[in-house]
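Note: the block below is start37.cif and it holds mmCIF, C-alpha atoms (C1' of nucleotides).
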data_start
loop_
_atom_site.group_PDB
_atom_site.id
_atom_site.type_symbol
_atom_site.label_atom_id
_atom_site.label_comp_id
_atom_site.auth_asym_id
_atom_site.auth_seq_id
_atom_site.Cartn_x
_atom_site.Cartn_y
_atom_site.Cartn_z
ATOM 1 C CA MET D 25 10.759 -9.897 0.751
ATOM 2 C CA THR D 26 12.959 -9.727 -2.307
ATOM 3 C CA LYS D 27 12.376 -9.660 -6.031
ATOM 4 C CA LYS D 28 14.370 -10.571 -9.116
ATOM 5 C CA ASN D 29 16.805 -7.682 -8.941
ATOM 6 C CA GLY D 30 17.068 -6.524 -5.367
ATOM 7 C CA PHE D 31 14.172 -5.185 -3.443
ATOM 8 C CA ASP D 32 10.402 -5.238 -3.674
ATOM 9 C CA MET D 33 9.409 -1.578 -3.482
ATOM 10 C CA GLU D 34 5.740 -2.365 -3.814
ATOM 11 C CA LEU D 35 5.801 -4.713 -0.856
ATOM 12 C CA PHE D 36 7.791 -2.156 1.104
ATOM 13 C CA PHE D 37 5.163 0.543 0.601
ATOM 14 C CA ALA D 38 2.268 -1.865 1.014
ATOM 15 C CA ALA D 39 3.697 -2.749 4.417
ATOM 16 C CA LEU D 40 3.521 0.927 5.342
ATOM 17 C CA ALA D 41 -0.003 1.393 4.013
ATOM 18 C CA ASP D 42 -1.847 0.231 7.098
ATOM 19 C CA ARG D 43 -2.463 2.099 10.326
ATOM 20 C CA THR D 44 -1.925 -0.880 12.625
ATOM 21 C CA ARG D 45 1.425 -1.664 11.018
ATOM 22 C CA LEU D 46 2.529 1.953 11.266
ATOM 23 C CA ARG D 47 1.645 1.871 14.962
ATOM 24 C CA LEU D 48 3.706 -1.278 15.431
ATOM 25 C CA ILE D 49 6.671 0.282 13.656
ATOM 26 C CA ASN D 50 6.371 3.406 15.759
ATOM 27 C CA LEU D 51 6.406 1.398 18.982
ATOM 28 C CA MET D 52 9.579 -0.386 17.884
ATOM 29 C CA ALA D 53 11.366 2.806 16.939
ATOM 30 C CA LEU D 54 13.382 3.086 20.151
ATOM 31 C CA ASP D 55 13.737 -0.489 21.251
ATOM 32 C CA GLU D 56 12.756 -4.062 20.592
ATOM 33 C CA ILE D 57 9.336 -4.851 22.004
ATOM 34 C CA CYS D 58 7.641 -7.996 23.192
ATOM 35 C CA VAL D 59 4.419 -8.931 21.377
ATOM 36 C CA CYS D 60 2.336 -8.767 24.546
ATOM 37 C CA PHE D 61 3.068 -5.045 24.841
ATOM 38 C CA PHE D 62 1.858 -4.419 21.313
ATOM 39 C CA VAL D 63 -1.384 -6.121 22.213
ATOM 40 C CA ALA D 64 -1.739 -4.091 25.400
ATOM 41 C CA VAL D 65 -0.873 -0.709 23.883
ATOM 42 C CA ILE D 66 -2.709 -0.993 20.594
ATOM 43 C CA GLY D 67 -5.677 -2.736 22.129
ATOM 44 C CA ALA D 68 -6.289 -5.073 19.221
ATOM 45 C CA SER D 69 -6.664 -8.836 19.399
ATOM 46 C CA GLN D 70 -3.529 -10.960 19.630
ATOM 47 C CA PRO D 71 -4.166 -12.677 16.277
ATOM 48 C CA LYS D 72 -4.586 -9.328 14.589
ATOM 49 C CA ILE D 73 -1.280 -8.054 15.967
ATOM 50 C CA SER D 74 0.380 -11.303 14.973
ATOM 51 C CA ARG D 75 -0.910 -11.122 11.430
ATOM 52 C CA HIS D 76 0.411 -7.622 10.966
ATOM 53 C CA LEU D 77 3.776 -8.572 12.427
ATOM 54 C CA ALA D 78 3.868 -11.426 9.924
ATOM 55 C CA TYR D 79 3.290 -8.926 7.117
ATOM 56 C CA LEU D 80 6.143 -6.755 8.372
ATOM 57 C CA ARG D 81 8.377 -9.832 8.543
ATOM 58 C CA LYS D 82 7.455 -10.758 4.983
ATOM 59 C CA ALA D 83 8.408 -7.244 3.890
ATOM 60 C CA GLY D 84 11.742 -7.511 5.701
ATOM 61 C CA LEU D 85 11.067 -4.543 7.963
ATOM 62 C CA VAL D 86 11.344 -6.322 11.307
ATOM 63 C CA ASN D 87 13.332 -9.036 13.049
ATOM 64 C CA ALA D 88 11.884 -11.472 15.552
ATOM 65 C CA ARG D 89 13.880 -12.853 18.460
ATOM 66 C CA ARG D 90 12.553 -15.621 20.662
ATOM 67 C CA ASP D 91 13.151 -15.349 24.398
ATOM 68 C CA GLY D 92 11.511 -18.258 26.154
ATOM 69 C CA LYS D 93 7.763 -17.902 25.861
ATOM 70 C CA TRP D 94 8.128 -14.402 24.526
ATOM 71 C CA ILE D 95 9.047 -13.028 21.148
ATOM 72 C CA HIS D 96 10.626 -9.626 20.754
ATOM 73 C CA TYR D 97 10.325 -7.652 17.561
ATOM 74 C CA SER D 98 12.674 -4.962 16.407
ATOM 75 C CA LEU D 99 13.088 -2.868 13.291
ATOM 76 C CA ALA D 100 15.402 -4.170 10.593
ATOM 77 C CA ASP D 101 17.149 -1.891 8.177
ATOM 78 C CA PRO D 102 15.944 -2.657 4.724
ATOM 79 C CA PRO D 103 18.706 -4.246 2.613
ATOM 80 C CA ASN D 104 18.350 -1.502 0.038
ATOM 81 C CA GLU D 105 20.171 1.718 0.842
ATOM 82 C CA LYS D 106 17.496 4.029 -0.507
ATOM 83 C CA ALA D 107 14.773 2.052 1.173
ATOM 84 C CA ALA D 108 16.648 2.430 4.449
ATOM 85 C CA LEU D 109 16.793 6.192 3.912
ATOM 86 C CA VAL D 110 13.080 6.386 3.248
ATOM 87 C CA PHE D 111 12.370 4.142 6.200
ATOM 88 C CA ARG D 112 14.302 6.432 8.545
ATOM 89 C CA GLU D 113 12.388 9.429 7.253
ATOM 90 C CA VAL D 114 9.157 7.591 7.903
ATOM 91 C CA LEU D 115 10.232 6.942 11.487
ATOM 92 C CA THR D 116 10.818 10.620 12.152
ATOM 93 C CA TRP D 117 7.478 11.344 10.543
ATOM 94 C CA LEU D 118 5.740 8.922 12.855
ATOM 95 C CA ALA D 119 7.562 10.369 15.843
ATOM 96 C CA GLU D 120 5.813 13.688 15.416
ATOM 97 C CA GLU D 121 2.326 12.432 14.684
ATOM 98 C CA GLU D 122 -0.106 12.903 17.577
ATOM 99 C CA GLY D 123 -1.640 9.445 17.573
ATOM 100 C CA MET D 124 1.808 7.905 17.506
ATOM 101 C CA LYS D 125 3.028 10.041 20.373
ATOM 102 C CA LEU D 126 0.040 8.857 22.361
ATOM 103 C CA ASP D 127 0.981 5.240 21.682
ATOM 104 C CA ARG D 128 4.509 5.902 22.924
ATOM 105 C CA ARG D 129 3.158 7.426 26.108
ATOM 106 C CA ARG D 130 0.881 4.438 26.606
ATOM 107 C CA LEU D 131 3.841 2.124 26.192
ATOM 108 C CA ALA D 132 5.913 4.070 28.696
ATOM 109 C CA LYS D 133 3.052 4.066 31.171
ATOM 110 C CA VAL D 134 2.567 0.338 30.965
ATOM 111 C CA CYS D 135 6.278 -0.275 31.323
ATOM 112 C CA CYS D 136 6.856 2.037 34.261
ATOM 113 C CA ALA D 137 3.906 0.896 36.318
ATOM 114 C CA PRO D 138 4.902 -1.248 39.308
ATOM 115 C CA GLN D 139 4.344 -4.973 38.742
ATOM 116 C CA PRO D 140 1.174 -5.424 40.832
ATOM 117 C CA GLN D 141 -0.658 -2.694 38.922
ATOM 118 C CA LEU D 142 -0.030 -4.274 35.558
ATOM 119 C CA PRO D 143 -2.781 -6.172 33.789
ATOM 120 C CA VAL D 144 -2.376 -9.868 34.522
ATOM 121 C CA GLN D 145 -1.167 -10.757 31.035
ATOM 122 C CA LEU D 146 1.778 -8.390 31.390
ATOM 123 C CA GLN D 147 3.053 -9.422 34.804
ATOM 124 C CA GLY D 148 6.411 -11.057 34.235
ATOM 125 C CA ALA D 149 6.618 -9.916 30.625
ATOM 126 C CA PRO D 150 10.072 -8.720 29.625
ATOM 127 C CA LYS D 151 10.022 -4.951 29.304
ATOM 128 C CA PRO D 152 11.890 -3.066 26.626
ATOM 129 C CA ALA D 153 15.342 -2.266 27.991
ATOM 130 C CA THR D 154 15.065 1.495 27.604
ATOM 131 C CA LEU D 155 11.836 1.613 29.584
ATOM 132 C CA ALA D 156 12.419 -1.050 32.215
ATOM 133 C CA ALA D 157 11.753 1.013 35.321
ATOM 134 C CA SER D 158 10.426 -1.811 37.450
ATOM 135 C CA MET K 5 -6.896 12.858 0.211
ATOM 136 C CA THR K 6 -7.150 14.164 3.739
ATOM 137 C CA LYS K 7 -8.277 12.730 7.047
ATOM 138 C CA LYS K 8 -9.656 14.151 10.276
ATOM 139 C CA ASN K 9 -6.383 15.674 11.465
ATOM 140 C CA GLY K 10 -4.269 16.455 8.463
ATOM 141 C CA PHE K 11 -2.978 13.840 6.131
ATOM 142 C CA ASP K 12 -3.843 10.273 5.244
ATOM 143 C CA MET K 13 -0.558 8.405 5.596
ATOM 144 C CA GLU K 14 -2.124 5.100 4.677
ATOM 145 C CA LEU K 15 -3.453 6.455 1.401
ATOM 146 C CA PHE K 16 -0.089 8.067 0.725
ATOM 147 C CA PHE K 17 1.746 4.773 1.054
ATOM 148 C CA ALA K 18 -0.967 2.802 -0.719
ATOM 149 C CA ALA K 19 -0.519 5.146 -3.669
ATOM 150 C CA LEU K 20 3.166 4.201 -3.753
ATOM 151 C CA ALA K 21 2.496 0.478 -3.432
ATOM 152 C CA ASP K 22 1.929 -0.217 -7.100
ATOM 153 C CA ARG K 23 4.467 -0.584 -9.855
ATOM 154 C CA THR K 24 2.462 1.241 -12.499
ATOM 155 C CA ARG K 25 1.943 4.224 -10.222
ATOM 156 C CA LEU K 26 5.625 4.331 -9.315
ATOM 157 C CA ARG K 27 6.441 4.350 -13.013
ATOM 158 C CA LEU K 28 4.052 7.234 -13.590
ATOM 159 C CA ILE K 29 5.596 9.178 -10.721
ATOM 160 C CA ASN K 30 9.064 8.518 -12.059
ATOM 161 C CA LEU K 31 8.118 9.819 -15.493
ATOM 162 C CA MET K 32 6.782 13.039 -13.971
ATOM 163 C CA ALA K 33 9.868 13.627 -11.865
ATOM 164 C CA LEU K 34 11.454 16.157 -14.194
ATOM 165 C CA ASP K 35 8.492 17.717 -15.914
ATOM 166 C CA GLU K 36 4.769 17.615 -16.389
ATOM 167 C CA ILE K 37 3.759 14.940 -18.867
ATOM 168 C CA CYS K 38 0.813 14.476 -21.169
ATOM 169 C CA VAL K 39 -1.249 11.318 -20.637
ATOM 170 C CA CYS K 40 -0.607 10.036 -24.128
ATOM 171 C CA PHE K 41 3.115 9.770 -23.364
ATOM 172 C CA PHE K 42 2.427 7.690 -20.298
ATOM 173 C CA VAL K 43 0.444 5.311 -22.448
ATOM 174 C CA ALA K 44 3.190 5.145 -25.066
ATOM 175 C CA VAL K 45 6.086 4.687 -22.641
ATOM 176 C CA ILE K 46 4.491 2.310 -20.167
ATOM 177 C CA GLY K 47 2.701 0.344 -22.834
ATOM 178 C CA ALA K 48 -0.455 -0.236 -20.836
ATOM 179 C CA SER K 49 -3.997 0.482 -21.981
ATOM 180 C CA GLN K 50 -5.275 4.037 -21.778
ATOM 181 C CA PRO K 51 -7.982 3.173 -19.220
ATOM 182 C CA LYS K 52 -5.419 1.485 -17.015
ATOM 183 C CA ILE K 53 -3.153 4.533 -17.050
ATOM 184 C CA SER K 54 -6.125 6.767 -16.415
ATOM 185 C CA ARG K 55 -7.289 4.709 -13.449
ATOM 186 C CA HIS K 56 -3.867 4.875 -11.820
ATOM 187 C CA LEU K 57 -3.631 8.604 -12.420
ATOM 188 C CA ALA K 58 -7.012 8.921 -10.706
ATOM 189 C CA TYR K 59 -5.612 7.066 -7.709
ATOM 190 C CA LEU K 60 -2.633 9.410 -7.541
ATOM 191 C CA ARG K 61 -5.005 12.367 -7.738
ATOM 192 C CA LYS K 62 -7.104 10.968 -4.898
ATOM 193 C CA ALA K 63 -3.928 10.647 -2.816
ATOM 194 C CA GLY K 64 -2.978 14.240 -3.600
ATOM 195 C CA LEU K 65 0.320 13.327 -5.233
ATOM 196 C CA VAL K 66 -0.332 14.828 -8.664
ATOM 197 C CA ASN K 67 -1.961 17.806 -10.319
ATOM 198 C CA ALA K 68 -3.784 17.678 -13.608
ATOM 199 C CA ARG K 69 -3.824 20.570 -16.055
ATOM 200 C CA ARG K 70 -6.039 20.600 -19.092
ATOM 201 C CA ASP K 71 -4.599 21.902 -22.346
ATOM 202 C CA GLY K 72 -7.129 21.557 -25.109
ATOM 203 C CA LYS K 73 -7.662 17.899 -25.839
ATOM 204 C CA TRP K 74 -4.698 16.981 -23.714
ATOM 205 C CA ILE K 75 -4.195 16.705 -19.993
ATOM 206 C CA HIS K 76 -0.795 17.175 -18.410
ATOM 207 C CA TYR K 77 0.053 15.637 -15.082
ATOM 208 C CA SER K 78 2.723 16.854 -12.714
ATOM 209 C CA LEU K 79 3.865 15.962 -9.232
ATOM 210 C CA ALA K 80 2.332 17.876 -6.350
ATOM 211 C CA ASP K 81 4.121 18.333 -3.073
ATOM 212 C CA PRO K 82 2.145 16.658 -0.375
ATOM 213 C CA PRO K 83 0.624 19.206 2.024
ATOM 214 C CA ASN K 84 2.351 17.537 4.933
ATOM 215 C CA GLU K 85 5.968 18.552 5.439
ATOM 216 C CA LYS K 86 7.207 15.122 6.453
ATOM 217 C CA ALA K 87 5.285 13.474 3.652
ATOM 218 C CA ALA K 88 6.979 15.858 1.244
ATOM 219 C CA LEU K 89 10.376 14.863 2.612
ATOM 220 C CA VAL K 90 9.604 11.178 2.197
ATOM 221 C CA PHE K 91 8.217 11.801 -1.268
ATOM 222 C CA ARG K 92 11.423 13.515 -2.384
ATOM 223 C CA GLU K 93 13.470 10.602 -1.045
ATOM 224 C CA VAL K 94 11.284 8.232 -3.003
ATOM 225 C CA LEU K 95 11.930 10.225 -6.171
ATOM 226 C CA THR K 96 15.699 9.925 -5.790
ATOM 227 C CA TRP K 97 15.216 6.227 -5.103
ATOM 228 C CA LEU K 98 13.265 5.793 -8.312
ATOM 229 C CA ALA K 99 15.870 7.767 -10.242
ATOM 230 C CA GLU K 100 18.487 5.115 -9.592
ATOM 231 C CA GLU K 101 16.386 2.042 -10.191
ATOM 232 C CA GLU K 102 17.182 0.280 -13.462
ATOM 233 C CA GLY K 103 13.621 -0.206 -14.664
ATOM 234 C CA MET K 104 12.856 3.424 -13.987
ATOM 235 C CA LYS K 105 15.934 4.630 -15.837
ATOM 236 C CA LEU K 106 14.795 2.595 -18.795
ATOM 237 C CA ASP K 107 11.410 4.317 -18.722
ATOM 238 C CA ARG K 108 13.098 7.705 -18.722
ATOM 239 C CA ARG K 109 15.172 6.729 -21.711
ATOM 240 C CA ARG K 110 12.065 5.528 -23.501
ATOM 241 C CA LEU K 111 10.377 8.841 -22.792
ATOM 242 C CA ALA K 112 13.355 10.795 -24.078
ATOM 243 C CA LYS K 113 13.479 8.668 -27.199
ATOM 244 C CA VAL K 114 9.827 9.184 -27.991
ATOM 245 C CA CYS K 115 10.110 12.913 -27.393
ATOM 246 C CA CYS K 116 13.212 13.470 -29.454
ATOM 247 C CA ALA K 117 12.148 11.469 -32.465
ATOM 248 C CA PRO K 118 11.187 13.647 -35.447
ATOM 249 C CA GLN K 119 7.439 13.988 -35.915
ATOM 250 C CA PRO K 120 6.990 11.626 -38.871
ATOM 251 C CA GLN K 121 8.598 8.743 -36.998
ATOM 252 C CA LEU K 122 6.284 9.028 -34.041
ATOM 253 C CA PRO K 123 3.443 6.572 -33.616
ATOM 254 C CA VAL K 124 0.278 8.105 -35.029
ATOM 255 C CA GLN K 125 -1.319 8.734 -31.646
ATOM 256 C CA LEU K 126 1.600 10.928 -30.603
ATOM 257 C CA GLN K 127 1.872 13.152 -33.638
ATOM 258 C CA GLY K 128 0.884 16.600 -32.501
ATOM 259 C CA ALA K 129 0.942 15.697 -28.820
ATOM 260 C CA PRO K 130 2.482 18.383 -26.621
ATOM 261 C CA LYS K 131 5.907 17.227 -25.490
ATOM 262 C CA PRO K 132 7.292 17.870 -22.044
ATOM 263 C CA ALA K 133 9.133 21.184 -22.133
ATOM 264 C CA THR K 134 12.482 19.799 -20.994
ATOM 265 C CA LEU K 135 12.507 17.199 -23.749
ATOM 266 C CA ALA K 136 10.887 19.050 -26.610
ATOM 267 C CA ALA K 137 13.559 18.592 -29.264
ATOM 268 C CA SER K 138 11.229 18.628 -32.231
ATOM 269 C "C1'" DT T 28 -23.592 20.315 -36.054
ATOM 270 C "C1'" DG T 29 -21.244 16.199 -36.509
ATOM 271 C "C1'" DG T 30 -17.262 13.565 -36.412
ATOM 272 C "C1'" DA T 31 -12.711 12.535 -34.501
ATOM 273 C "C1'" DC T 32 -9.672 12.510 -30.837
ATOM 274 C "C1'" DA T 33 -7.865 12.470 -25.804
ATOM 275 C "C1'" DT T 34 -9.120 11.197 -21.529
ATOM 276 C "C1'" DA T 35 -12.228 9.471 -17.811
ATOM 277 C "C1'" DT T 36 -15.516 6.385 -15.817
ATOM 278 C "C1'" DT T 37 -18.354 2.204 -15.356
ATOM 279 C "C1'" DC T 38 -19.077 -2.828 -15.277
ATOM 280 C "C1'" DG T 39 -18.155 -7.529 -14.268
ATOM 281 C "C1'" DT T 40 -14.719 -10.535 -12.667
ATOM 282 C "C1'" DT T 41 -10.850 -11.875 -9.887
ATOM 283 C "C1'" DA T 42 -7.152 -11.577 -6.391
ATOM 284 C "C1'" DA T 43 -5.357 -9.484 -2.161
ATOM 285 C "C1'" DG T 44 -5.894 -8.252 2.185
ATOM 286 C "C1'" DG T 45 -8.685 -6.712 6.175
ATOM 287 C "C1'" DC T 46 -11.271 -8.795 10.298
ATOM 288 C "C1'" DA T 47 -13.032 -12.089 14.158
ATOM 289 C "C1'" DA T 48 -13.261 -16.632 15.715
ATOM 290 C "C1'" DA T 49 -11.266 -20.869 16.158
ATOM 291 C "C1'" DT T 50 -7.302 -23.698 16.358
ATOM 292 C "C1'" DA T 51 -2.318 -24.981 16.193
ATOM 293 C "C1'" DT T 52 2.505 -24.526 17.797
ATOM 294 C "C1'" DG T 53 6.247 -24.038 20.981
ATOM 295 C "C1'" DA T 54 8.023 -23.032 25.468
ATOM 296 C "C1'" DT T 55 7.518 -23.122 30.498
ATOM 297 C "C1'" DT T 56 5.877 -24.785 34.776
ATOM 298 C "C1'" DT T 57 4.017 -28.168 37.893
ATOM 299 C "C1'" DA I 7 3.070 -35.882 31.088
ATOM 300 C "C1'" DA I 8 -0.279 -32.361 31.638
ATOM 301 C "C1'" DA I 9 -1.601 -27.848 32.125
ATOM 302 C "C1'" DT I 10 -0.651 -23.228 30.990
ATOM 303 C "C1'" DC I 11 0.993 -19.359 28.671
ATOM 304 C "C1'" DA I 12 2.652 -16.558 24.496
ATOM 305 C "C1'" DT I 13 2.414 -16.448 19.873
ATOM 306 C "C1'" DA I 14 1.239 -18.036 15.155
ATOM 307 C "C1'" DT I 15 -1.757 -19.800 11.649
ATOM 308 C "C1'" DT I 16 -6.157 -21.164 9.531
ATOM 309 C "C1'" DT I 17 -10.946 -20.422 8.189
ATOM 310 C "C1'" DG I 18 -14.736 -17.961 6.456
ATOM 311 C "C1'" DC I 19 -16.537 -13.600 5.309
ATOM 312 C "C1'" DC I 20 -16.268 -8.942 3.433
ATOM 313 C "C1'" DT I 21 -14.082 -4.908 1.213
ATOM 314 C "C1'" DT I 22 -10.722 -2.888 -1.736
ATOM 315 C "C1'" DA I 23 -8.574 -2.581 -5.698
ATOM 316 C "C1'" DA I 24 -6.525 -4.770 -9.766
ATOM 317 C "C1'" DC I 25 -7.749 -5.844 -14.724
ATOM 318 C "C1'" DG I 26 -9.937 -5.692 -19.679
ATOM 319 C "C1'" DA I 27 -13.818 -4.352 -22.194
ATOM 320 C "C1'" DA I 28 -17.173 -1.228 -23.015
ATOM 321 C "C1'" DT I 29 -18.923 3.335 -22.667
ATOM 322 C "C1'" DA I 30 -19.154 8.285 -21.362
ATOM 323 C "C1'" DT I 31 -17.252 13.040 -21.353
ATOM 324 C "C1'" DG I 32 -15.059 16.983 -23.101
ATOM 325 C "C1'" DT I 33 -12.487 19.431 -26.759
ATOM 326 C "C1'" DC I 34 -11.303 20.462 -31.393
ATOM 327 C "C1'" DC I 35 -11.922 20.629 -36.338
ATOM 328 C "C1'" DA I 36 -14.466 20.271 -40.659
#

As structure tokens, what does this structure read like?
Amino acid sequence: MTKKNGFDMELFFAALADRTRLRLINLMALDEICVCFFVAVIGASQPKISRHLAYLRKAGLVNARRDGKWIHYSLADPPNEKAALVFREVLTWLAEEEGMKLDRRRLAKVCCAPQPQLPVQLQGAPKPATLAAS
Amino acid sequence: MTKKNGFDMELFFAALADRTRLRLINLMALDEICVCFFVAVIGASQPKISRHLAYLRKAGLVNARRDGKWIHYSLADPPNEKAALVFREVLTWLAEEEGMKLDRRRLAKVCCAPQPQLPVQLQGAPKPATLAAS
DNA sequence: TGGACATATTCGTTAAGGCAAATATGATTT
DNA sequence: AAATCATATTTGCCTTAACGAATATGTCCA
């Protein structure tokens, strides 16, 4: 996560150089998100999601917060001021990309559906605060 | 360089995820630069520099211009507006990093030295316009 | 035309990182 | 304590991309 002087730029950009990780970052842009929602929205295996979250942790781009059985991930601001600037630009970039918008809609859909209609693995899962309709 | 829709974000960030390539980008920030100066300033082998320049070309981040025996590289603006914004932020980030400042000083030194003091391989090489003191 | 020079590409090897499948950990529930 | 659930890590395989060394290409000059 860090290097001799201050900040590992290469690791920072490497963390951004993967579609799955960009999708994860995009989904966290507005709120912290529970891992099970990443799995549901992105449609990849749980270990795959977990591995990519581990990479983002290593790069210092996300924080993890345990909440009982669940773990919520949120974006961290990079400790380097310029990195934080770039990171914010990247977020607005993602926000306008079509595939990313689709992911956000999928997340909203899954979060606003009434409990009984949710896939079994998501019933009882803690929804992101900004989307917790039911 | 491109993808189905418009722009390959992963390739863009992968191109930035390497120290040598960041150093090349930094050296081109102010002016187009001839390959031989990259080799002299960075101190890596010519094939290594050439390989990394090829990667930057593939990612659409640089243009190459032939000039007799020499080839000058310059930064391209990415065709995607948001990518261009991020790219400019990255350039200002590089400009304040210590290692990158050192490279710029090395470039200036090599360009301002009188011809006879230059290493043999650089005598006669076309200097970047903004630094062409002699 | 035949060097000599600047740059690019190829080859063989090695390390990093992607994936799926299997397994481990940590927390909750019964 | 055992079963269950959410998440993380390990393993083995494959691809990408790093490197140095060698070689190819393209341009100029004699």

* Take the point (-5.4, 8.7, -2.8) in the file's coordinates, draw a sphere of radius 7 Å around it, and report as a PyMOL selection string every protein, DNA or RNA residue with an atom inside or on it, counting all atoms listed in the file. => chain K and resi 5+15-16+19+59-64

* To do: Give me, as a VMD selection string, the contact residues of chain K against chain D at a cut-off of 9 Å, counting all atoms listed in the file.
  => chain K and resid 13 to 23 26 85 to 87 89 to 91 93 to 94 96 to 97

* To do: Measure the distance from CA of Ile49 (chain D) to CA of Trp94 (chain D) in Å and round it to one decimal.
  => 18.3 Å

Residue by residue, what does the PyMOL selection byres ((chain T) within 8 of (chain K)) grab here? Present the result as a PDB file with C-alpha atoms (C1' of nucleotides), in the coordinates of the input.
ATOM      1  C1'  DC T  32      -9.672  12.510 -30.837  1.00  0.00           C
ATOM      2  C1'  DA T  33      -7.865  12.470 -25.804  1.00  0.00           C
ATOM      3  C1'  DT T  34      -9.120  11.197 -21.529  1.00  0.00           C
ATOM      4  C1'  DA T  35     -12.228   9.471 -17.811  1.00  0.00           C
TER       5       DA T  35
END

* Once you count all atoms listed in the file, which residues end up no further than 6 Å from (-4.7, -1.1, -16.0) in the file's frame, shown as number ranges by chain? -> K: 52-53; I: 25

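The spacing separating CA of Val66 (chain K) from CA of Asp81 (chain K) amounts to 8.0 Å.
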
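Straight-line separation from CA of Lys113 (chain K) to CA of Asn30 (chain K): 15.8 Å.
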
Once you add 5 Å to each side, what are the centre and edge lengths of the axis-aligned box holding all listed atoms of region 39-54 of chain T? One decimal in Å, as JSON, if you can.
{"center_x": -5.1, "center_y": -15.8, "center_z": 5.6, "size_x": 36.2, "size_y": 28.3, "size_z": 49.7}

Contact residues (chain I, partner chain K, 12 Å, only C-alpha atoms (C1' of nucleotides)) as a PDB file with C-alpha atoms (C1' of nucleotides), keeping the file's coordinate frame:
ATOM      1  C1'  DT I  22     -10.722  -2.888  -1.736  1.00  0.00           C
ATOM      2  C1'  DA I  23      -8.574  -2.581  -5.698  1.00  0.00           C
ATOM      3  C1'  DA I  24      -6.525  -4.770  -9.766  1.00  0.00           C
ATOM      4  C1'  DC I  25      -7.749  -5.844 -14.724  1.00  0.00           C
ATOM      5  C1'  DG I  26      -9.937  -5.692 -19.679  1.00  0.00           C
ATOM      6  C1'  DA I  27     -13.818  -4.352 -22.194  1.00  0.00           C
ATOM      7  C1'  DA I  28     -17.173  -1.228 -23.015  1.00  0.00           C
ATOM      8  C1'  DT I  29     -18.923   3.335 -22.667  1.00  0.00           C
ATOM      9  C1'  DT I  31     -17.252  13.040 -21.353  1.00  0.00           C
ATOM     10  C1'  DG I  32     -15.059  16.983 -23.101  1.00  0.00           C
ATOM     11  C1'  DT I  33     -12.487  19.431 -26.759  1.00  0.00           C
ATOM     12  C1'  DC I  34     -11.303  20.462 -31.393  1.00  0.00           C
ATOM     13  C1'  DC I  35     -11.922  20.629 -36.338  1.00  0.00           C
TER      14       DC I  35
END

* To do: Check which residues satisfy the PyMOL selection byres ((chain T and resi 46) around 10) in the file shown, then give them as a list of chain:residue names.
  => D:Lys72, T:DG44, T:DG45, T:DA47, T:DA48, I:DC19, I:DC20

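Distance check against Asn87 (chain D) using only C-alpha atoms: of D:Met124, D:Cys135, D:Met52, D:Ala108, the minimum falls on D:Met52.
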
* Asked: Closest to Gln127 (chain K) among K:Phe41, K:Arg109, K:Leu79, K:Leu65, using all atoms listed in the file?
  -> K:Phe41

* Name the residues that the PyMOL selection byres ((chain I and resi 15) around 8) picks from the file above, as a list in words, using the file's chain letters and numbers. => DA51 of chain T; DA14 and DT16 of chain I

With the input short on atoms, add N, CA and C atoms back to region 31-41 of chain K and write it as a PDB file, in the coordinates of the input.
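Once everything was written out, this is selection01.pdb:
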ATOM      1  N   LEU K  31       8.128   9.100 -14.216  1.00  0.00           N
ATOM      2  CA  LEU K  31       8.118   9.819 -15.493  1.00  0.00           C
ATOM      3  C   LEU K  31       7.800  11.302 -15.312  1.00  0.00           C
ATOM      4  N   MET K  32       7.119  11.631 -14.229  1.00  0.00           N
ATOM      5  CA  MET K  32       6.782  13.039 -13.971  1.00  0.00           C
ATOM      6  C   MET K  32       7.863  13.765 -13.191  1.00  0.00           C
ATOM      7  N   ALA K  33       8.907  13.054 -12.813  1.00  0.00           N
ATOM      8  CA  ALA K  33       9.868  13.627 -11.865  1.00  0.00           C
ATOM      9  C   ALA K  33      10.482  14.926 -12.365  1.00  0.00           C
ATOM     10  N   LEU K  34      10.732  14.997 -13.677  1.00  0.00           N
ATOM     11  CA  LEU K  34      11.454  16.157 -14.194  1.00  0.00           C
ATOM     12  C   LEU K  34      10.542  17.212 -14.793  1.00  0.00           C
ATOM     13  N   ASP K  35       9.317  16.827 -15.117  1.00  0.00           N
ATOM     14  CA  ASP K  35       8.492  17.717 -15.914  1.00  0.00           C
ATOM     15  C   ASP K  35       7.052  17.218 -15.909  1.00  0.00           C
ATOM     16  N   GLU K  36       6.129  18.099 -16.209  1.00  0.00           N
ATOM     17  CA  GLU K  36       4.769  17.615 -16.389  1.00  0.00           C
ATOM     18  C   GLU K  36       4.698  16.846 -17.700  1.00  0.00           C
ATOM     19  N   ILE K  37       3.821  15.841 -17.720  1.00  0.00           N
ATOM     20  CA  ILE K  37       3.759  14.940 -18.867  1.00  0.00           C
ATOM     21  C   ILE K  37       2.303  14.767 -19.288  1.00  0.00           C
ATOM     22  N   CYS K  38       2.131  14.688 -20.590  1.00  0.00           N
ATOM     23  CA  CYS K  38       0.813  14.476 -21.169  1.00  0.00           C
ATOM     24  C   CYS K  38       0.451  12.984 -21.106  1.00  0.00           C
ATOM     25  N   VAL K  39      -0.813  12.700 -20.823  1.00  0.00           N
ATOM     26  CA  VAL K  39      -1.249  11.318 -20.637  1.00  0.00           C
ATOM     27  C   VAL K  39      -0.826  10.402 -21.782  1.00  0.00           C
ATOM     28  N   CYS K  40      -0.901  10.906 -22.984  1.00  0.00           N
ATOM     29  CA  CYS K  40      -0.607  10.036 -24.128  1.00  0.00           C
ATOM     30  C   CYS K  40       0.824   9.508 -24.094  1.00  0.00           C
ATOM     31  N   PHE K  41       1.742  10.269 -23.481  1.00  0.00           N
ATOM     32  CA  PHE K  41       3.115   9.770 -23.364  1.00  0.00           C
ATOM     33  C   PHE K  41       3.223   8.664 -22.318  1.00  0.00           C
TER      34      PHE K  41
END
